[in-house]
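Colleague: Here you go, this is structure17.pdb (PDB, C-alpha atoms).
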MODEL        1
ATOM      1  CA  MET A   1     -28.625 -24.729 -48.701
ATOM      2  CA  CYS A   2     -28.953 -21.691 -46.453
ATOM      3  CA  VAL A   3     -32.073 -19.541 -46.540
ATOM      4  CA  LYS A   4     -32.496 -16.641 -44.122
ATOM      5  CA  ASP A   5     -36.279 -16.178 -44.187
ATOM      6  CA  THR A   6     -38.675 -19.095 -44.038
ATOM      7  CA  GLY A   7     -41.247 -17.502 -46.307
ATOM      8  CA  ILE A   8     -43.876 -19.951 -44.984
ATOM      9  CA  HIS A   9     -47.207 -18.366 -44.076
ATOM     10  CA  ASP A  10     -45.543 -14.976 -43.639
ATOM     11  CA  THR A  11     -48.180 -12.438 -44.623
ATOM     12  CA  THR A  12     -46.889  -9.492 -42.608
ATOM     13  CA  PHE A  13     -45.269  -6.550 -44.305
ATOM     14  CA  PRO A  14     -41.618  -6.551 -43.181
ATOM     15  CA  GLY A  15     -41.429  -2.761 -42.785
ATOM     16  CA  ARG A  16     -44.480  -2.499 -40.521
ATOM     17  CA  ASP A  17     -43.734  -1.583 -36.947
ATOM     18  CA  GLU A  18     -46.315  -0.897 -34.218
ATOM     19  CA  LYS A  19     -44.151   1.835 -32.699
ATOM     20  CA  HIS A  20     -44.082   3.702 -36.009
ATOM     21  CA  GLU A  21     -47.860   3.366 -36.365
ATOM     22  CA  LYS A  22     -48.373   4.880 -32.888
ATOM     23  CA  ILE A  23     -46.028   7.745 -33.763
ATOM     24  CA  GLY A  24     -47.943   8.336 -36.986
ATOM     25  CA  LYS A  25     -51.293   8.461 -35.165
ATOM     26  CA  THR A  26     -49.877  10.891 -32.595
ATOM     27  CA  VAL A  27     -48.522  13.102 -35.385
ATOM     28  CA  LEU A  28     -51.977  13.208 -37.002
ATOM     29  CA  LYS A  29     -53.624  14.186 -33.692
ATOM     30  CA  ILE A  30     -51.135  16.995 -33.113
ATOM     31  CA  GLU A  31     -51.533  18.171 -36.692
ATOM     32  CA  LYS A  32     -55.319  18.405 -36.317
ATOM     33  CA  ARG A  33     -54.946  20.440 -33.135
ATOM     34  CA  THR A  34     -52.413  22.824 -34.658
ATOM     35  CA  LYS A  35     -54.661  23.216 -37.696
ATOM     36  CA  ILE A  36     -57.517  24.304 -35.440
ATOM     37  CA  MET A  37     -55.157  26.761 -33.718
ATOM     38  CA  PHE A  38     -54.092  28.039 -37.152
ATOM     39  CA  ILE A  39     -57.675  28.682 -38.230
ATOM     40  CA  ILE A  40     -58.500  30.457 -34.952
ATOM     41  CA  GLY A  41     -55.282  32.483 -35.275
ATOM     42  CA  VAL A  42     -56.108  33.585 -38.820
ATOM     43  CA  ILE A  43     -59.627  34.605 -37.764
ATOM     44  CA  LEU A  44     -58.295  36.558 -34.788
ATOM     45  CA  SER A  45     -55.605  38.311 -36.813
ATOM     46  CA  LEU A  46     -57.975  39.248 -39.648
ATOM     47  CA  PHE A  47     -61.015  40.246 -37.641
ATOM     48  CA  GLY A  48     -59.434  41.291 -34.346
ATOM     49  CA  THR A  49     -60.187  44.852 -33.268
ATOM     50  CA  ASN A  50     -57.522  45.012 -30.610
ATOM     51  CA  VAL A  51     -53.761  44.837 -31.237
ATOM     52  CA  ILE A  52     -53.459  42.058 -28.648
ATOM     53  CA  PHE A  53     -55.954  39.878 -30.549
ATOM     54  CA  ILE A  54     -54.143  40.507 -33.861
ATOM     55  CA  LEU A  55     -50.694  39.660 -32.427
ATOM     56  CA  GLY A  56     -52.103  36.693 -30.503
ATOM     57  CA  GLY A  57     -53.724  35.402 -33.681
ATOM     58  CA  MET A  58     -50.449  35.706 -35.583
ATOM     59  CA  LEU A  59     -48.619  33.829 -32.817
ATOM     60  CA  MET A  60     -51.241  31.076 -32.951
ATOM     61  CA  THR A  61     -50.432  30.413 -36.635
ATOM     62  CA  TRP A  62     -46.756  29.612 -35.982
ATOM     63  CA  PRO A  63     -47.166  26.187 -34.318
ATOM     64  CA  HIS A  64     -48.991  24.874 -37.378
ATOM     65  CA  ILE A  65     -46.367  26.218 -39.774
ATOM     66  CA  LEU A  66     -43.475  24.837 -37.714
ATOM     67  CA  PHE A  67     -45.207  21.521 -37.063
ATOM     68  CA  ARG A  68     -45.757  20.926 -40.781
ATOM     69  CA  ASN A  69     -41.990  21.073 -41.373
ATOM     70  CA  ILE A  70     -41.105  18.956 -38.341
ATOM     71  CA  SER A  71     -43.770  16.339 -39.116
ATOM     72  CA  PHE A  72     -42.507  16.080 -42.708
ATOM     73  CA  ILE A  73     -38.991  15.320 -41.451
ATOM     74  CA  LEU A  74     -40.354  12.823 -38.906
ATOM     75  CA  VAL A  75     -42.495  10.993 -41.470
ATOM     76  CA  MET A  76     -39.628  10.807 -43.969
ATOM     77  CA  THR A  77     -37.360   9.381 -41.250
ATOM     78  CA  ILE A  78     -39.936   6.691 -40.430
ATOM     79  CA  ILE A  79     -40.373   5.797 -44.111
ATOM     80  CA  ILE A  80     -36.630   5.533 -44.743
ATOM     81  CA  LYS A  81     -36.058   3.518 -41.568
ATOM     82  CA  GLY A  82     -38.911   1.147 -42.471
ATOM     83  CA  HIS A  83     -37.561   0.705 -45.997
ATOM     84  CA  ILE A  84     -34.088  -0.152 -44.696
ATOM     85  CA  LYS A  85     -35.595  -2.668 -42.281
ATOM     86  CA  ALA A  86     -37.723  -4.173 -45.057
ATOM     87  CA  CYS A  87     -34.689  -4.501 -47.317
ATOM     88  CA  ARG A  88     -32.707  -6.345 -44.669
ATOM     89  CA  MET A  89     -35.606  -8.607 -43.691
ATOM     90  CA  GLY A  90     -36.460  -9.499 -47.266
ATOM     91  CA  LEU A  91     -33.131 -11.093 -48.203
ATOM     92  CA  ASN A  92     -33.005 -14.792 -48.972
ATOM     93  CA  TYR A  93     -29.847 -16.788 -49.624
ATOM     94  CA  CYS A  94     -29.361 -20.083 -51.316
ATOM     95  CA  LEU A  95     -26.225 -22.140 -51.861
ATOM     96  CA  THR A  96     -26.442 -24.733 -54.620
ATOM     97  CA  ASP A  97     -23.826 -27.038 -56.091
ATOM     98  CA  ARG A  98     -23.103 -24.498 -58.853
ATOM     99  CA  ARG A  99     -23.812 -21.004 -57.559
ATOM    100  CA  LEU A 100     -24.526 -18.768 -54.591
ATOM    101  CA  ILE A 101     -27.852 -16.970 -55.002
ATOM    102  CA  SER A 102     -29.259 -13.956 -53.189
ATOM    103  CA  PHE A 103     -32.730 -12.566 -53.725
ATOM    104  CA  GLY A 104     -34.434  -9.756 -51.868
ATOM    105  CA  VAL A 105     -36.495  -6.641 -52.453
ATOM    106  CA  ASN A 106     -36.764  -7.340 -56.198
ATOM    107  CA  TYR A 107     -33.009  -7.768 -56.598
ATOM    108  CA  TRP A 108     -31.523 -11.010 -57.900
ATOM    109  CA  GLN A 109     -27.829 -11.775 -57.615
ATOM    110  CA  GLU A 110     -26.005 -14.973 -58.405
ATOM    111  CA  ILE A 111     -22.343 -15.842 -58.140
ATOM    112  CA  PRO A 112     -21.034 -18.937 -59.947
ATOM    113  CA  LEU A 113     -18.900 -21.006 -57.578
ATOM    114  CA  GLU A 114     -16.052 -21.264 -60.093
ATOM    115  CA  ASP A 115     -15.680 -17.466 -59.873
ATOM    116  CA  VAL A 116     -15.349 -17.420 -56.070
ATOM    117  CA  VAL A 117     -11.814 -16.531 -54.955
ATOM    118  CA  SER A 118     -12.308 -16.558 -51.172
ATOM    119  CA  ALA A 119     -14.983 -16.586 -48.493
ATOM    120  CA  ASN A 120     -14.851 -15.163 -44.985
ATOM    121  CA  ALA A 121     -17.325 -15.433 -42.119
ATOM    122  CA  VAL A 122     -17.819 -12.827 -39.425
ATOM    123  CA  ALA A 123     -19.866 -14.221 -36.534
ATOM    124  CA  GLU A 124     -21.519 -12.503 -33.584
ATOM    125  CA  ASN A 125     -23.922 -14.449 -31.338
ATOM    126  CA  ASN A 126     -24.512 -17.256 -33.861
ATOM    127  CA  THR A 127     -25.463 -14.778 -36.591
ATOM    128  CA  GLY A 128     -23.205 -12.698 -38.734
ATOM    129  CA  LYS A 129     -22.261 -12.014 -42.283
ATOM    130  CA  LEU A 130     -20.625 -13.936 -45.072
ATOM    131  CA  ILE A 131     -18.182 -12.035 -47.274
ATOM    132  CA  VAL A 132     -17.492 -13.648 -50.634
ATOM    133  CA  LYS A 133     -14.790 -12.360 -52.975
ATOM    134  CA  ALA A 134     -15.510 -13.313 -56.576
ATOM    135  CA  ILE A 135     -14.254 -12.522 -60.066
ATOM    136  CA  ILE A 136     -16.548 -10.071 -61.854
ATOM    137  CA  ASP A 137     -14.601  -9.796 -65.108
ATOM    138  CA  GLY A 138     -12.963 -12.931 -66.489
ATOM    139  CA  ASN A 139     -10.645 -11.065 -68.876
ATOM    140  CA  THR A 140      -9.098  -8.653 -66.388
ATOM    141  CA  LYS A 141      -9.620 -10.878 -63.307
ATOM    142  CA  LYS A 142     -11.237  -7.994 -61.411
ATOM    143  CA  CYS A 143     -12.752  -9.079 -58.110
ATOM    144  CA  ALA A 144     -15.567  -7.717 -55.977
ATOM    145  CA  ASP A 145     -16.723  -8.408 -52.446
ATOM    146  CA  TYR A 146     -20.297  -9.583 -51.930
ATOM    147  CA  VAL A 147     -21.659  -9.248 -48.404
ATOM    148  CA  PHE A 148     -24.526 -11.428 -47.209
ATOM    149  CA  PRO A 149     -25.824  -9.991 -43.878
ATOM    150  CA  ASP A 150     -27.860 -11.738 -41.172
ATOM    151  CA  VAL A 151     -26.668 -15.272 -41.942
ATOM    152  CA  GLU A 152     -27.357 -17.783 -39.210
ATOM    153  CA  ASP A 153     -24.200 -19.694 -38.195
ATOM    154  CA  PRO A 154     -21.944 -18.099 -40.848
ATOM    155  CA  CYS A 155     -18.946 -20.296 -39.951
ATOM    156  CA  ARG A 156     -20.889 -23.455 -40.809
ATOM    157  CA  VAL A 157     -22.189 -21.850 -44.002
ATOM    158  CA  LYS A 158     -18.606 -20.885 -44.936
ATOM    159  CA  GLU A 159     -17.501 -24.515 -44.496
ATOM    160  CA  ILE A 160     -20.370 -25.730 -46.683
ATOM    161  CA  LEU A 161     -19.489 -23.055 -49.254
ATOM    162  CA  ASP A 162     -15.819 -24.100 -49.256
ATOM    163  CA  GLN A 163     -16.814 -27.741 -49.796
ATOM    164  CA  ALA A 164     -19.167 -26.785 -52.625
ATOM    165  CA  ILE A 165     -16.411 -24.687 -54.260
ATOM    166  CA  GLU A 166     -13.991 -27.619 -54.076
ATOM    167  CA  LYS A 167     -16.536 -29.994 -55.621
ATOM    168  CA  CYS A 168     -17.450 -27.455 -58.316
ATOM    169  CA  LYS A 169     -13.834 -26.892 -59.317
ATOM    170  CA  ALA A 170     -13.053 -30.616 -59.138
ATOM    171  CA  TYR A 171     -15.931 -31.544 -61.440
ATOM    172  CA  ASP A 172     -15.445 -28.382 -63.542
ATOM    173  CA  TYR A 173     -19.143 -27.534 -63.737
ATOM    174  CA  GLN A 174     -20.090 -25.125 -66.451
ATOM    175  CA  VAL A 175     -23.082 -22.872 -65.762
TER     176      VAL A 175
ENDMDL
END
What's the structure tokens form of this structure?

Modeller:
Amino acid sequence: MCVKDTGIHDTTFPGRDEKHEKIGKTVLKIEKRTKIMFIIGVILSLFGTNVIFILGGMLMTWPHILFRNISFILVMTIIIKGHIKACRMGLNYCLTDRRLISFGVNYWQEIPLEDVVSANAVAENNTGKLIVKAIIDGNTKKCADYVFPDVEDPCRVKEILDQAIEKCKAYDYQV
């Protein structure tokens, strides 16, 4: 059995990052300041008696308008990056005597061992990915590659998987 996350006493949200929280707080501070500039700029441009005050007021409204667009892009980037990190951190793998199971971010996937054609391990610094080629359609014998990222010691897991496939095919388990 190979499980990536322990799941024991882990109450933290996987997408939470202190750096992103600091960036978010800084964005809110800057937004408040540009909003104040915007209000002062509108007042100056509406009630200014001199052309300099009117033009200065109009120029003071631009930082708020530009910042709103830039902050939207920044916030969306942080959300997408956090979601990708949460998806990768939330994956769990399990190898049983009959199937290979993956569950993460509300997505369940299971591959019966009798459908596995080949398995490859790509290792880098004792972690890597396991690539399993399996039959997805029994009638046409179409195959698909399933990639399991962030597997600790993928070469050992591949050996265990190969042994489980041999046993499964030898005993002809039916799921």

Colleague: Please evaluate the PyMOL selection byres ((chain A and resi 40) around 12) against the structure above and give the resulting residues as a list of chain:residue names.

Modeller: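 This file, filtered by the PyMOL selection byres ((chain A and resi 40) around 12), leaves A:Arg33, A:Thr34, A:Lys35, A:Ile36, A:Met37, A:Phe38, A:Ile39, A:Gly41, A:Val42, A:Ile43, A:Leu44, A:Ser45, A:Leu46, A:Phe47, A:Gly48, A:Phe53, A:Ile54, A:Gly56, A:Gly57, A:Met58, A:Leu59, A:Met60, A:Thr61, A:Trp62, A:His64.
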
Colleague: How far is it from CA of Pro154 (chain A) to CA of Lys81 (chain A), in Å with one decimal?

Modeller: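 Atom-to-atom, CA of Pro154 (chain A) and CA of Lys81 (chain A) are spaced 25.8 Å apart.
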
Colleague: Near Phe148 (chain A), within 8 Å and counting only C-alpha atoms, which residues show up once chain neighbours fewer than 4 positions away are dropped, as a short mmCIF file (atom, residue, chain, number, x, y, z; two decimals) with C-alpha atoms, keeping the file's coordinate frame?

Modeller:
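Below you can see result-v1.cif, which holds the result:
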data_model
loop_
_atom_site.label_atom_id
_atom_site.label_comp_id
_atom_site.auth_asym_id
_atom_site.auth_seq_id
_atom_site.Cartn_x
_atom_site.Cartn_y
_atom_site.Cartn_z
CA TYR A 93 -29.85 -16.79 -49.62
CA LYS A 129 -22.26 -12.01 -42.28
CA LEU A 130 -20.62 -13.94 -45.07
CA ILE A 131 -18.18 -12.04 -47.27
#

Colleague: Fewer than 2 positions away in the same chain doesn't count, so skip those; otherwise give me all residues within 7 Å of Lys158 (chain A), counting all atoms listed in the file, as a VMD selection string.

Modeller: chain A and resid 119 to 121 154 to 156 160 to 162

Colleague: Hey, can you check how far CA of Leu95 (chain A) sits from CA of Asn139 (chain A)?

Modeller: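 Separation between CA of Leu95 (chain A) and CA of Asn139 (chain A): 25.6 Å.
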
Colleague: How many Å lie between CA of Ile135 (chain A) and CA of Val117 (chain A), rounded to one decimal?

Modeller: 6.9 Å

Colleague: Given all atoms listed in the file as the basis, pick out the residue of A:Glu31, A:Glu21, A:Asp150, A:Glu124 nearest to Pro63 (chain A).

Modeller: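 Residue with the minimum atom-to-atom distance to Pro63 (chain A): A:Glu31.
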
Colleague: Looking at A:Ile101, A:Trp108, A:Leu28, A:Ser118, which one is nearest to Glu159 (chain A), with distances taken over all atoms listed in the file?

Modeller: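 Selected residue with least distance to Glu159 (chain A): A:Ser118.
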
Colleague: Given the choices A:Arg68, A:Lys142, A:Lys169, A:Lys32, which gets closest to Pro112 (chain A) if the distance is worked out from only C-alpha atoms?

Modeller: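 Of A:Arg68, A:Lys142, A:Lys169, A:Lys32, the one nearest Pro112 (chain A) is A:Lys169, counting only C-alpha atoms.
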
Colleague: Between A:Ile70, A:Leu100, A:Ala134, A:Ile165, which residue has the minimum interatomic distance to Val27 (chain A), considering all atoms listed in the file?

Modeller: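 Looking at the shortest contact to Val27 (chain A), the residue is A:Ile70.
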
Colleague: Find the residues with any atom within 10 Å of (-27.2, -21.0, -55.7); use only C-alpha atoms and the coordinates as given in the file, and write the answer as a PyMOL selection string.

Modeller: chain A and resi 1-2+93-102+109-113

Colleague: Closest to Val157 (chain A) among A:Val132, A:Lys25, A:Cys143, A:Gly138, using all atoms listed in the file?

Modeller: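 Of all the options, A:Val132 lies closest to Val157 (chain A).
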
Colleague: Exactly which residues make up the result of the PyMOL selection byres ((chain A and resi 152) around 7) on this file, given as an mmCIF file with C-alpha atoms, in the coordinates of the input?

Modeller:
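Below you can see part-v8.cif, which holds the result:
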data_model
loop_
_atom_site.group_PDB
_atom_site.id
_atom_site.type_symbol
_atom_site.label_atom_id
_atom_site.label_comp_id
_atom_site.auth_asym_id
_atom_site.auth_seq_id
_atom_site.Cartn_x
_atom_site.Cartn_y
_atom_site.Cartn_z
ATOM 1 C CA ASN A 126 -24.512 -17.256 -33.861
ATOM 2 C CA THR A 127 -25.463 -14.778 -36.591
ATOM 3 C CA GLY A 128 -23.205 -12.698 -38.734
ATOM 4 C CA ASP A 150 -27.860 -11.738 -41.172
ATOM 5 C CA VAL A 151 -26.668 -15.272 -41.942
ATOM 6 C CA ASP A 153 -24.200 -19.694 -38.195
ATOM 7 C CA PRO A 154 -21.944 -18.099 -40.848
#

Colleague: Let me have the centre and edge lengths in Å, one decimal, of the box along x, y and z around every listed atom of region 57-73 of chain A with 4 Å of margin on each side, as JSON.

Modeller:
{"center_x": -46.4, "center_y": 25.5, "center_z": -37.8, "size_x": 22.7, "size_y": 28.4, "size_z": 17.9}
